[in-house]
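Below is one structure; the comments refer to it alone.
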Amino acid sequence: MSVDLSIRYLGLDLAHPVVPSASPLTGDVDHIHALVAAGAPAVVLPSLFEEQIDHDAMAVHYSLEMGADGFGEAADGFFPQLNDYNTGPEDYLDLIRRAKREVEVPVVASLNGVSTGGWTMYSQILADQGIDALELNVYRLPSDITQSSSDVEQDYIRLVEKVKSSVELPLAVKIGPYFSSIPDMARRLRDAGADALVMFNRFYQPDIDLETLEVIPNLVLSTPVELRLVLRWLAILYGRVGCEMAATSGVHDADDAVKAILAGATVTMMASALLENGPSRLTEVRDGVGTWLAEHGYESLAQARGSLSYSTAPNPEVFERAGYMKTLTSYVPTW
Ligand SMILES: Cc1cc2nc3c(=O)[nH]c(=O)nc-3n(C[C@H](O)[C@H](O)[C@H](O)COP(=O)(O)O)c2cc1C
């Protein structure tokens, strides 16, 4: 029996829910072709960073030569060279134009920022290139000891409102898990204009080299364990927030994707596993999701979505606390 895996995300009809998220793989047109050949139903491009958008960049928009094609050669392997990654607004607009011209699937562009400065106008400039939706990655690590958590949260809300008001595209907002109340933030982000929440941003954590006494910024790819935090919040928010949810962080195989869907995800995004294993991993995950659903008697993915969420629990907090107690008290030391 073939299962209907189709879904609607950000107003886009997608053949299935396994979407490559922002990474160097989607920052290169040759790799985008490979992902689409492997079955990607849409692609999320890497982020254009607030810091990369300055007044000169704004001026670029008006002097664009439509169709100019200046993107570099693809690097060998699945992990493209990072020195070609996120090189700036001009290359970014080229990437969008080439992706839109050369592949059939929807292209979601990503903006990464924290302030509500003039750079947010750039969302309209991206929209003018024909993107199908926008993802706003709010990556922020507050370090001002005088700024309250509610001020920090309000900055998120203002930013989402600003971007939403400058563009008429579906908007996804990618957030981290570090809020005092994720449900309250989710609701306020939705009210501010988020059509979907992408959960969760990974905060890349630097290490310390004890020989050189230097801080080493190293990027460690995710492991499936990281999915658990995502699963918890998907399950709690499903059916309560009124916007779609995309799972990101820790989706490495079909089982991970199925878990995210059962918890309530509309789409399951992948970056690390695709960087490690190449685009064929996406095909395996898509097919594996279909097989799992068929073997468990589902006719469509929509039937399964959220079936293991807390949507029918009047108070998820009570369940979570009970589960927490049970987990701690059930541990048996091995020595
Ligand atoms: C090398 C690398 C570059 C990334 N670049 C971006 C980016 O530009 N914008 C963004 O929103 N996320 C970026 N991400 C985060 C991924 O999109 C994804 O959310 C994160 O890696 C968790 O998913 P995973 O467990 O499938 O890797 C990047 C991840 C990696 C590994």
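Starting from 1 in every chain, residues are counted up; chains themselves are A, B, ... following the order of the structure tokens, and ligands are numbered from 1 as listed.
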Chain A residues near ligand 1 within 7 Å, closest pair each, using only C-alpha atoms and all ligand atoms, as a tab-separated table:
```
residue	atom	partner	partner_atom_place_in_ligand_line	distance
A:Ser21	CA	ligand 1	17 (O)	4.4
A:Ala22	CA	ligand 1	17 (O)	3.8
A:Ser23	CA	ligand 1	4 (C)	3.9
A:Pro24	CA	ligand 1	3 (C)	5.6
A:Pro46	CA	ligand 1	8 (O)	3.7
A:Ser47	CA	ligand 1	8 (O)	3.8
A:Leu48	CA	ligand 1	8 (O)	6.9
A:Ser110	CA	ligand 1	11 (O)	6.5
A:Asn112	CA	ligand 1	9 (N)	6.8
A:Asn137	CA	ligand 1	11 (O)	5.1
A:Lys174	CA	ligand 1	11 (O)	6.8
A:Phe200	CA	ligand 1	19 (O)	6.6
A:Asn201	CA	ligand 1	19 (O)	5.3
A:Arg202	CA	ligand 1	20 (C)	5.8
A:Leu221	CA	ligand 1	31 (C)	5.5
A:Ser222	CA	ligand 1	25 (O)	4.5
A:Thr223	CA	ligand 1	25 (O)	6.5
A:Thr248	CA	ligand 1	23 (O)	4.6
A:Ser249	CA	ligand 1	25 (O)	3.2
A:Gly250	CA	ligand 1	25 (O)	3.8
A:Val251	CA	ligand 1	26 (O)	5.3
A:His252	CA	ligand 1	26 (O)	6.7
A:Met269	CA	ligand 1	26 (O)	6.0
A:Met270	CA	ligand 1	26 (O)	3.6
A:Ala271	CA	ligand 1	26 (O)	3.7
A:Ser272	CA	ligand 1	27 (O)	3.5
A:Ala273	CA	ligand 1	26 (O)	6.0
```
ask   = Could you write out, as a list in words, all the residues of stretch 185-313 of chain A that DSSP marks as strand (DSSP E or B)?
value =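 For stretch 185-313 of chain A, the strand (DSSP E or B) set is Ala196, Leu197, Val198, Met199, Asp207, Ile208, Asp209, Glu214, Val215, Ile216, Glu244, Met245, Ala246, Ala247, Val267, Thr268, Met269, Met270 and Ser300 of chain A.
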Write out, as a short mmCIF file (atom, residue, chain, number, x, y, z; two decimals), in the first residue's frame, the residues just selected, with all heavy atoms.
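Result saved to again-v8.cif:
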```
data_model
loop_
_atom_site.label_atom_id
_atom_site.label_comp_id
_atom_site.auth_asym_id
_atom_site.auth_seq_id
_atom_site.Cartn_x
_atom_site.Cartn_y
_atom_site.Cartn_z
N ALA A 196 5.23 29.62 10.59
CA ALA A 196 5.79 28.34 11.07
C ALA A 196 6.93 28.64 12.03
O ALA A 196 7.58 29.68 11.92
CB ALA A 196 6.31 27.51 9.90
N LEU A 197 7.15 27.72 12.94
CA LEU A 197 8.31 27.81 13.84
C LEU A 197 9.26 26.68 13.48
O LEU A 197 8.82 25.53 13.31
CB LEU A 197 7.88 27.66 15.30
CG LEU A 197 6.98 28.77 15.83
CD1 LEU A 197 6.54 28.46 17.25
CD2 LEU A 197 7.70 30.12 15.78
N VAL A 198 10.51 27.00 13.34
CA VAL A 198 11.52 25.98 13.04
C VAL A 198 12.30 25.76 14.34
O VAL A 198 12.94 26.67 14.86
CB VAL A 198 12.46 26.45 11.91
CG1 VAL A 198 13.44 25.34 11.55
CG2 VAL A 198 11.65 26.87 10.69
N MET A 199 12.19 24.52 14.86
CA MET A 199 12.72 24.27 16.21
C MET A 199 13.70 23.09 16.17
O MET A 199 13.32 22.02 15.71
CB MET A 199 11.57 23.94 17.14
CG MET A 199 10.50 25.04 17.15
SD MET A 199 9.19 24.78 18.34
CE MET A 199 8.76 23.10 18.13
N ASP A 207 35.16 25.70 22.13
CA ASP A 207 35.91 24.93 23.12
C ASP A 207 37.16 25.76 23.50
O ASP A 207 37.44 26.78 22.87
CB ASP A 207 36.31 23.58 22.49
CG ASP A 207 36.64 22.55 23.55
OD1 ASP A 207 36.59 22.88 24.75
OD2 ASP A 207 36.98 21.41 23.17
N ILE A 208 37.92 25.25 24.51
CA ILE A 208 39.16 25.93 24.89
C ILE A 208 40.32 24.97 24.68
O ILE A 208 40.27 23.82 25.12
CB ILE A 208 39.11 26.38 26.37
CG1 ILE A 208 38.07 27.51 26.54
CG2 ILE A 208 40.48 26.83 26.86
CD1 ILE A 208 37.88 27.97 27.96
N ASP A 209 41.33 25.43 23.95
CA ASP A 209 42.53 24.63 23.75
C ASP A 209 43.45 24.88 24.94
O ASP A 209 43.94 26.00 25.14
CB ASP A 209 43.21 25.05 22.43
CG ASP A 209 44.41 24.17 22.13
OD1 ASP A 209 45.12 23.77 23.08
OD2 ASP A 209 44.65 23.89 20.94
N GLU A 214 43.70 29.13 23.76
CA GLU A 214 42.85 29.88 22.83
C GLU A 214 41.46 29.30 22.82
O GLU A 214 41.27 28.11 23.09
CB GLU A 214 43.43 29.80 21.41
CG GLU A 214 44.62 30.70 21.21
CD GLU A 214 45.25 30.49 19.85
OE1 GLU A 214 44.88 29.51 19.16
OE2 GLU A 214 46.11 31.31 19.50
N VAL A 215 40.52 30.16 22.48
CA VAL A 215 39.15 29.68 22.29
C VAL A 215 39.06 29.15 20.86
O VAL A 215 39.46 29.83 19.92
CB VAL A 215 38.14 30.83 22.50
CG1 VAL A 215 36.73 30.37 22.19
CG2 VAL A 215 38.23 31.34 23.93
N ILE A 216 38.61 27.91 20.72
CA ILE A 216 38.55 27.33 19.38
C ILE A 216 37.08 27.24 18.94
O ILE A 216 36.30 26.51 19.55
CB ILE A 216 39.12 25.89 19.31
CG1 ILE A 216 39.93 25.57 20.58
CG2 ILE A 216 39.94 25.64 18.07
CD1 ILE A 216 40.26 24.12 20.69
N GLU A 244 2.41 26.16 11.93
CA GLU A 244 3.11 24.92 11.61
C GLU A 244 4.43 24.84 12.38
O GLU A 244 4.96 25.86 12.81
CB GLU A 244 3.40 24.87 10.11
CG GLU A 244 2.14 24.71 9.29
CD GLU A 244 2.29 25.25 7.88
OE1 GLU A 244 3.35 25.81 7.54
OE2 GLU A 244 1.31 25.12 7.13
N MET A 245 4.94 23.62 12.48
CA MET A 245 6.23 23.46 13.16
C MET A 245 7.13 22.57 12.29
O MET A 245 6.69 21.54 11.78
CB MET A 245 6.03 22.81 14.53
CG MET A 245 5.23 23.69 15.48
SD MET A 245 5.10 22.98 17.13
CE MET A 245 4.08 21.56 16.84
N ALA A 246 8.37 23.02 12.16
CA ALA A 246 9.37 22.23 11.45
C ALA A 246 10.38 21.74 12.48
O ALA A 246 10.80 22.51 13.35
CB ALA A 246 10.07 23.09 10.40
N ALA A 247 10.75 20.47 12.39
CA ALA A 247 11.74 19.92 13.32
C ALA A 247 13.12 20.08 12.70
O ALA A 247 13.36 19.66 11.57
CB ALA A 247 11.45 18.45 13.57
N VAL A 267 7.15 19.42 8.86
CA VAL A 267 8.30 18.96 8.08
C VAL A 267 9.45 18.60 9.02
O VAL A 267 9.55 19.12 10.14
CB VAL A 267 8.81 20.00 7.05
CG1 VAL A 267 7.80 20.27 5.97
CG2 VAL A 267 9.23 21.27 7.70
N THR A 268 10.30 17.72 8.54
CA THR A 268 11.48 17.32 9.30
C THR A 268 12.69 17.75 8.48
O THR A 268 12.83 17.33 7.33
CB THR A 268 11.51 15.80 9.54
OG1 THR A 268 11.63 15.14 8.28
CG2 THR A 268 10.26 15.33 10.23
N MET A 269 13.49 18.60 9.07
CA MET A 269 14.60 19.15 8.29
C MET A 269 15.90 18.44 8.60
O MET A 269 16.09 17.93 9.71
CB MET A 269 14.73 20.64 8.58
CG MET A 269 13.51 21.40 8.10
SD MET A 269 13.81 23.15 8.07
CE MET A 269 12.40 23.69 7.12
N MET A 270 16.79 18.43 7.63
CA MET A 270 18.06 17.72 7.80
C MET A 270 19.22 18.57 7.30
O MET A 270 19.16 19.15 6.23
CB MET A 270 18.05 16.41 7.01
CG MET A 270 16.99 15.44 7.46
SD MET A 270 17.06 13.91 6.49
CE MET A 270 18.58 13.18 7.07
N SER A 300 -2.01 7.91 5.26
CA SER A 300 -1.37 9.19 4.92
C SER A 300 -0.55 9.69 6.10
O SER A 300 -0.79 9.30 7.25
CB SER A 300 -2.42 10.25 4.58
OG SER A 300 -3.12 10.62 5.76
#
```
key: For A:Thr312, the nearest of the candidates A:Arg8, A:Arg240, A:His31, A:Arg187, counting only C-alpha atoms   =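 Looking at the shortest contact to A:Thr312, the residue is A:Arg240.
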request  = Going by DSSP on the backbone, which bits of stretch 195-245 of chain A are helix (DSSP H, G or I)? Write them as a VMD selection string, please.
outcome  = chain A and resid 224 to 237
Any chance you can output those residues with all heavy atoms as a short mmCIF file (atom, residue, chain, number, x, y, z; two decimals), in the first residue's frame?
```
data_model
loop_
_atom_site.label_atom_id
_atom_site.label_comp_id
_atom_site.auth_asym_id
_atom_site.auth_seq_id
_atom_site.Cartn_x
_atom_site.Cartn_y
_atom_site.Cartn_z
N PRO A 224 21.57 12.20 16.83
CA PRO A 224 20.12 12.01 16.99
C PRO A 224 19.63 12.32 18.41
O PRO A 224 18.46 12.61 18.59
CB PRO A 224 19.92 10.53 16.64
CG PRO A 224 21.07 10.20 15.75
CD PRO A 224 22.22 11.02 16.23
N VAL A 225 20.51 12.27 19.40
CA VAL A 225 20.08 12.56 20.77
C VAL A 225 19.47 13.97 20.87
O VAL A 225 18.55 14.22 21.65
CB VAL A 225 21.29 12.44 21.75
CG1 VAL A 225 20.90 12.87 23.15
CG2 VAL A 225 21.79 11.01 21.76
N GLU A 226 19.98 14.87 20.02
CA GLU A 226 19.49 16.25 20.07
C GLU A 226 18.03 16.37 19.66
O GLU A 226 17.38 17.38 19.92
CB GLU A 226 20.37 17.16 19.20
CG GLU A 226 21.75 17.29 19.77
CD GLU A 226 22.70 18.05 18.87
OE1 GLU A 226 22.35 19.12 18.35
OE2 GLU A 226 23.82 17.54 18.66
N LEU A 227 17.53 15.35 19.01
CA LEU A 227 16.14 15.39 18.58
C LEU A 227 15.18 15.37 19.77
O LEU A 227 14.06 15.85 19.69
CB LEU A 227 15.85 14.19 17.65
CG LEU A 227 14.44 14.11 17.08
CD1 LEU A 227 14.14 15.30 16.17
CD2 LEU A 227 14.25 12.81 16.32
N ARG A 228 15.64 14.83 20.88
CA ARG A 228 14.71 14.63 22.00
C ARG A 228 14.11 15.94 22.52
O ARG A 228 12.94 15.99 22.84
CB ARG A 228 15.43 13.89 23.12
CG ARG A 228 15.86 12.53 22.64
CD ARG A 228 16.05 11.62 23.78
NE ARG A 228 16.60 10.37 23.34
CZ ARG A 228 17.06 9.47 24.16
NH1 ARG A 228 17.06 9.71 25.46
NH2 ARG A 228 17.53 8.33 23.72
N LEU A 229 14.94 16.94 22.60
CA LEU A 229 14.44 18.25 23.05
C LEU A 229 13.37 18.75 22.06
O LEU A 229 12.34 19.30 22.46
CB LEU A 229 15.60 19.24 23.14
CG LEU A 229 15.28 20.63 23.66
CD1 LEU A 229 14.93 20.57 25.14
CD2 LEU A 229 16.47 21.56 23.44
N VAL A 230 13.66 18.55 20.79
CA VAL A 230 12.72 18.99 19.75
C VAL A 230 11.40 18.22 19.89
O VAL A 230 10.31 18.80 19.82
CB VAL A 230 13.35 18.75 18.35
CG1 VAL A 230 12.39 19.17 17.24
CG2 VAL A 230 14.68 19.48 18.21
N LEU A 231 11.51 16.91 20.10
CA LEU A 231 10.31 16.07 20.21
C LEU A 231 9.43 16.56 21.36
O LEU A 231 8.21 16.66 21.23
CB LEU A 231 10.68 14.61 20.47
CG LEU A 231 11.38 13.87 19.33
CD1 LEU A 231 11.71 12.44 19.76
CD2 LEU A 231 10.53 13.86 18.07
N ARG A 232 10.07 16.85 22.48
CA ARG A 232 9.29 17.30 23.65
C ARG A 232 8.47 18.53 23.30
O ARG A 232 7.27 18.61 23.55
CB ARG A 232 10.23 17.63 24.81
CG ARG A 232 9.53 18.55 25.82
CD ARG A 232 10.35 18.79 27.03
NE ARG A 232 10.48 17.58 27.79
CZ ARG A 232 11.46 17.34 28.65
NH1 ARG A 232 12.39 18.23 28.84
NH2 ARG A 232 11.50 16.22 29.32
N TRP A 233 9.12 19.52 22.69
CA TRP A 233 8.39 20.78 22.45
C TRP A 233 7.41 20.68 21.30
O TRP A 233 6.37 21.33 21.31
CB TRP A 233 9.38 21.93 22.30
CG TRP A 233 9.96 22.26 23.64
CD1 TRP A 233 11.22 22.03 24.09
CD2 TRP A 233 9.24 22.80 24.76
NE1 TRP A 233 11.33 22.39 25.41
CE2 TRP A 233 10.13 22.88 25.85
CE3 TRP A 233 7.92 23.23 24.95
CZ2 TRP A 233 9.76 23.37 27.10
CZ3 TRP A 233 7.54 23.71 26.20
CH2 TRP A 233 8.46 23.78 27.25
N LEU A 234 7.73 19.84 20.32
CA LEU A 234 6.73 19.60 19.27
C LEU A 234 5.47 19.03 19.90
O LEU A 234 4.35 19.48 19.64
CB LEU A 234 7.26 18.58 18.24
CG LEU A 234 8.34 19.04 17.27
CD1 LEU A 234 8.91 17.81 16.54
CD2 LEU A 234 7.78 20.04 16.27
N ALA A 235 5.67 18.03 20.77
CA ALA A 235 4.54 17.33 21.38
C ALA A 235 3.72 18.27 22.26
O ALA A 235 2.49 18.21 22.30
CB ALA A 235 5.03 16.14 22.19
N ILE A 236 4.40 19.17 22.96
CA ILE A 236 3.68 20.10 23.84
C ILE A 236 2.93 21.17 23.03
O ILE A 236 1.79 21.52 23.34
CB ILE A 236 4.65 20.76 24.84
CG1 ILE A 236 5.14 19.70 25.84
CG2 ILE A 236 3.99 21.92 25.58
CD1 ILE A 236 6.18 20.20 26.84
N LEU A 237 3.56 21.65 21.96
CA LEU A 237 2.97 22.77 21.23
C LEU A 237 1.95 22.35 20.18
O LEU A 237 1.11 23.15 19.77
CB LEU A 237 4.07 23.60 20.55
CG LEU A 237 5.07 24.29 21.49
CD1 LEU A 237 6.06 25.10 20.68
CD2 LEU A 237 4.35 25.19 22.49
#
```
Just the residues within 10 Å of A:Ile157, please, counting only C-alpha atoms, with nothing from its chain fewer than 3 positions along; format it as an mmCIF file with N, CA, C and O atoms, in the first residue's frame.
```cif
data_model
loop_
_atom_site.group_PDB
_atom_site.id
_atom_site.type_symbol
_atom_site.label_atom_id
_atom_site.label_comp_id
_atom_site.auth_asym_id
_atom_site.auth_seq_id
_atom_site.Cartn_x
_atom_site.Cartn_y
_atom_site.Cartn_z
ATOM 1 N N THR A 116 16.318 45.242 14.569
ATOM 2 C CA THR A 116 15.248 45.612 13.647
ATOM 3 C C THR A 116 15.724 46.697 12.681
ATOM 4 O O THR A 116 14.943 47.496 12.200
ATOM 5 N N ASP A 151 12.757 41.954 27.822
ATOM 6 C CA ASP A 151 13.284 42.856 26.775
ATOM 7 C C ASP A 151 13.835 42.042 25.599
ATOM 8 O O ASP A 151 13.620 42.374 24.437
ATOM 9 N N VAL A 152 14.555 40.978 25.951
ATOM 10 C CA VAL A 152 15.128 40.133 24.886
ATOM 11 C C VAL A 152 13.994 39.550 24.048
ATOM 12 O O VAL A 152 14.020 39.580 22.806
ATOM 13 N N GLU A 153 12.979 39.054 24.711
ATOM 14 C CA GLU A 153 11.846 38.451 23.990
ATOM 15 C C GLU A 153 11.137 39.476 23.110
ATOM 16 O O GLU A 153 10.747 39.185 21.987
ATOM 17 N N GLN A 154 11.013 40.678 23.666
ATOM 18 C CA GLN A 154 10.327 41.716 22.894
ATOM 19 C C GLN A 154 11.101 42.051 21.619
ATOM 20 O O GLN A 154 10.513 42.345 20.586
ATOM 21 N N VAL A 160 10.283 40.024 14.209
ATOM 22 C CA VAL A 160 9.371 39.223 13.373
ATOM 23 C C VAL A 160 8.287 40.125 12.776
ATOM 24 O O VAL A 160 7.973 40.034 11.575
ATOM 25 N N GLU A 161 7.760 41.041 13.585
ATOM 26 C CA GLU A 161 6.735 41.967 13.064
ATOM 27 C C GLU A 161 7.300 42.795 11.910
ATOM 28 O O GLU A 161 6.644 42.981 10.894
ATOM 29 N N LYS A 162 8.524 43.257 12.098
ATOM 30 C CA LYS A 162 9.145 44.120 11.089
ATOM 31 C C LYS A 162 9.331 43.358 9.775
ATOM 32 O O LYS A 162 8.990 43.848 8.706
ATOM 33 N N MET A 185 6.314 32.172 24.086
ATOM 34 C CA MET A 185 7.072 32.750 22.969
ATOM 35 C C MET A 185 6.499 32.291 21.646
ATOM 36 O O MET A 185 6.358 33.071 20.706
ATOM 37 N N ARG A 188 3.375 34.192 20.913
ATOM 38 C CA ARG A 188 3.631 35.591 20.549
ATOM 39 C C ARG A 188 4.296 35.706 19.179
ATOM 40 O O ARG A 188 4.038 36.650 18.429
ATOM 41 N N LEU A 189 5.160 34.762 18.855
ATOM 42 C CA LEU A 189 5.784 34.788 17.519
ATOM 43 C C LEU A 189 4.733 34.565 16.441
ATOM 44 O O LEU A 189 4.748 35.211 15.394
ATOM 45 N N ARG A 190 3.818 33.654 16.727
ATOM 46 C CA ARG A 190 2.715 33.443 15.766
ATOM 47 C C ARG A 190 1.911 34.726 15.617
ATOM 48 O O ARG A 190 1.613 35.166 14.514
ATOM 49 N N ASP A 191 1.565 35.361 16.732
ATOM 50 C CA ASP A 191 0.790 36.604 16.664
ATOM 51 C C ASP A 191 1.555 37.691 15.908
ATOM 52 O O ASP A 191 0.960 38.545 15.272
ATOM 53 N N ALA A 192 2.880 37.646 16.005
ATOM 54 C CA ALA A 192 3.702 38.656 15.317
ATOM 55 C C ALA A 192 3.810 38.382 13.821
ATOM 56 O O ALA A 192 4.313 39.216 13.077
ATOM 57 N N GLY A 193 3.372 37.194 13.395
ATOM 58 C CA GLY A 193 3.371 36.932 11.956
ATOM 59 C C GLY A 193 4.064 35.658 11.518
ATOM 60 O O GLY A 193 4.153 35.394 10.317
ATOM 61 N N ALA A 194 4.549 34.863 12.449
ATOM 62 C CA ALA A 194 5.221 33.612 12.050
ATOM 63 C C ALA A 194 4.171 32.601 11.562
ATOM 64 O O ALA A 194 3.230 32.300 12.290
#
```
task = Find the residues near A:Lys164: any atom within 10 Å, counting only C-alpha atoms, skip ones fewer than 2 places away on the same chain, and give them as a PyMOL selection string.
result = chain A and resi 120+123-124+134+136+158-162+166-172+192-195
Would you save the residues from that selection as a PDB file, in the first residue's frame, using N, CA and C atoms?
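This went into part_38.pdb:
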```pdb
ATOM      1  N   THR A 120      16.315  44.690   7.501  1.00  0.00           N
ATOM      2  CA  THR A 120      15.122  43.843   7.356  1.00  0.00           C
ATOM      3  C   THR A 120      14.419  44.095   6.021  1.00  0.00           C
ATOM      4  N   SER A 123      14.405  41.521   3.131  1.00  0.00           N
ATOM      5  CA  SER A 123      13.447  40.444   2.873  1.00  0.00           C
ATOM      6  C   SER A 123      12.677  40.717   1.587  1.00  0.00           C
ATOM      7  N   GLN A 124      12.370  41.993   1.348  1.00  0.00           N
ATOM      8  CA  GLN A 124      11.642  42.334   0.116  1.00  0.00           C
ATOM      9  C   GLN A 124      12.540  42.127  -1.106  1.00  0.00           C
ATOM     10  N   LEU A 134      10.152  32.660   3.235  1.00  0.00           N
ATOM     11  CA  LEU A 134      11.327  33.185   3.936  1.00  0.00           C
ATOM     12  C   LEU A 134      11.433  32.535   5.310  1.00  0.00           C
ATOM     13  N   LEU A 136      13.330  33.163   8.902  1.00  0.00           N
ATOM     14  CA  LEU A 136      14.078  34.160   9.671  1.00  0.00           C
ATOM     15  C   LEU A 136      14.729  33.445  10.839  1.00  0.00           C
ATOM     16  N   ARG A 158       9.484  42.143  17.935  1.00  0.00           N
ATOM     17  CA  ARG A 158       9.585  43.323  17.052  1.00  0.00           C
ATOM     18  C   ARG A 158      10.220  42.957  15.717  1.00  0.00           C
ATOM     19  N   LEU A 159      11.254  42.123  15.789  1.00  0.00           N
ATOM     20  CA  LEU A 159      11.949  41.734  14.561  1.00  0.00           C
ATOM     21  C   LEU A 159      11.010  40.953  13.633  1.00  0.00           C
ATOM     22  N   VAL A 160      10.283  40.024  14.209  1.00  0.00           N
ATOM     23  CA  VAL A 160       9.371  39.223  13.373  1.00  0.00           C
ATOM     24  C   VAL A 160       8.287  40.125  12.776  1.00  0.00           C
ATOM     25  N   GLU A 161       7.760  41.041  13.585  1.00  0.00           N
ATOM     26  CA  GLU A 161       6.735  41.967  13.064  1.00  0.00           C
ATOM     27  C   GLU A 161       7.300  42.795  11.910  1.00  0.00           C
ATOM     28  N   LYS A 162       8.524  43.257  12.098  1.00  0.00           N
ATOM     29  CA  LYS A 162       9.145  44.120  11.089  1.00  0.00           C
ATOM     30  C   LYS A 162       9.331  43.358   9.775  1.00  0.00           C
ATOM     31  N   SER A 166       7.388  43.749   6.021  1.00  0.00           N
ATOM     32  CA  SER A 166       8.081  44.209   4.817  1.00  0.00           C
ATOM     33  C   SER A 166       8.003  43.205   3.672  1.00  0.00           C
ATOM     34  N   VAL A 167       7.310  42.113   3.872  1.00  0.00           N
ATOM     35  CA  VAL A 167       7.275  41.118   2.803  1.00  0.00           C
ATOM     36  C   VAL A 167       5.940  40.369   2.820  1.00  0.00           C
ATOM     37  N   GLU A 168       5.460  40.046   1.638  1.00  0.00           N
ATOM     38  CA  GLU A 168       4.171  39.342   1.597  1.00  0.00           C
ATOM     39  C   GLU A 168       4.352  37.857   1.370  1.00  0.00           C
ATOM     40  N   LEU A 169       5.342  37.299   2.000  1.00  0.00           N
ATOM     41  CA  LEU A 169       5.625  35.877   1.796  1.00  0.00           C
ATOM     42  C   LEU A 169       5.324  35.106   3.068  1.00  0.00           C
ATOM     43  N   PRO A 170       5.071  33.806   2.958  1.00  0.00           N
ATOM     44  CA  PRO A 170       4.983  32.993   4.168  1.00  0.00           C
ATOM     45  C   PRO A 170       6.306  33.093   4.931  1.00  0.00           C
ATOM     46  N   LEU A 171       6.194  33.179   6.246  1.00  0.00           N
ATOM     47  CA  LEU A 171       7.388  33.398   7.070  1.00  0.00           C
ATOM     48  C   LEU A 171       7.534  32.297   8.120  1.00  0.00           C
ATOM     49  N   ALA A 172       8.700  31.656   8.094  1.00  0.00           N
ATOM     50  CA  ALA A 172       9.045  30.706   9.162  1.00  0.00           C
ATOM     51  C   ALA A 172      10.056  31.389  10.075  1.00  0.00           C
ATOM     52  N   ALA A 192       2.880  37.646  16.005  1.00  0.00           N
ATOM     53  CA  ALA A 192       3.702  38.656  15.317  1.00  0.00           C
ATOM     54  C   ALA A 192       3.810  38.382  13.821  1.00  0.00           C
ATOM     55  N   GLY A 193       3.372  37.194  13.395  1.00  0.00           N
ATOM     56  CA  GLY A 193       3.371  36.932  11.956  1.00  0.00           C
ATOM     57  C   GLY A 193       4.064  35.658  11.518  1.00  0.00           C
ATOM     58  N   ALA A 194       4.549  34.863  12.449  1.00  0.00           N
ATOM     59  CA  ALA A 194       5.221  33.612  12.050  1.00  0.00           C
ATOM     60  C   ALA A 194       4.171  32.601  11.562  1.00  0.00           C
ATOM     61  N   ASP A 195       4.355  32.116  10.345  1.00  0.00           N
ATOM     62  CA  ASP A 195       3.455  31.072   9.840  1.00  0.00           C
ATOM     63  C   ASP A 195       3.946  29.697  10.275  1.00  0.00           C
TER      64      ASP A 195
END
```
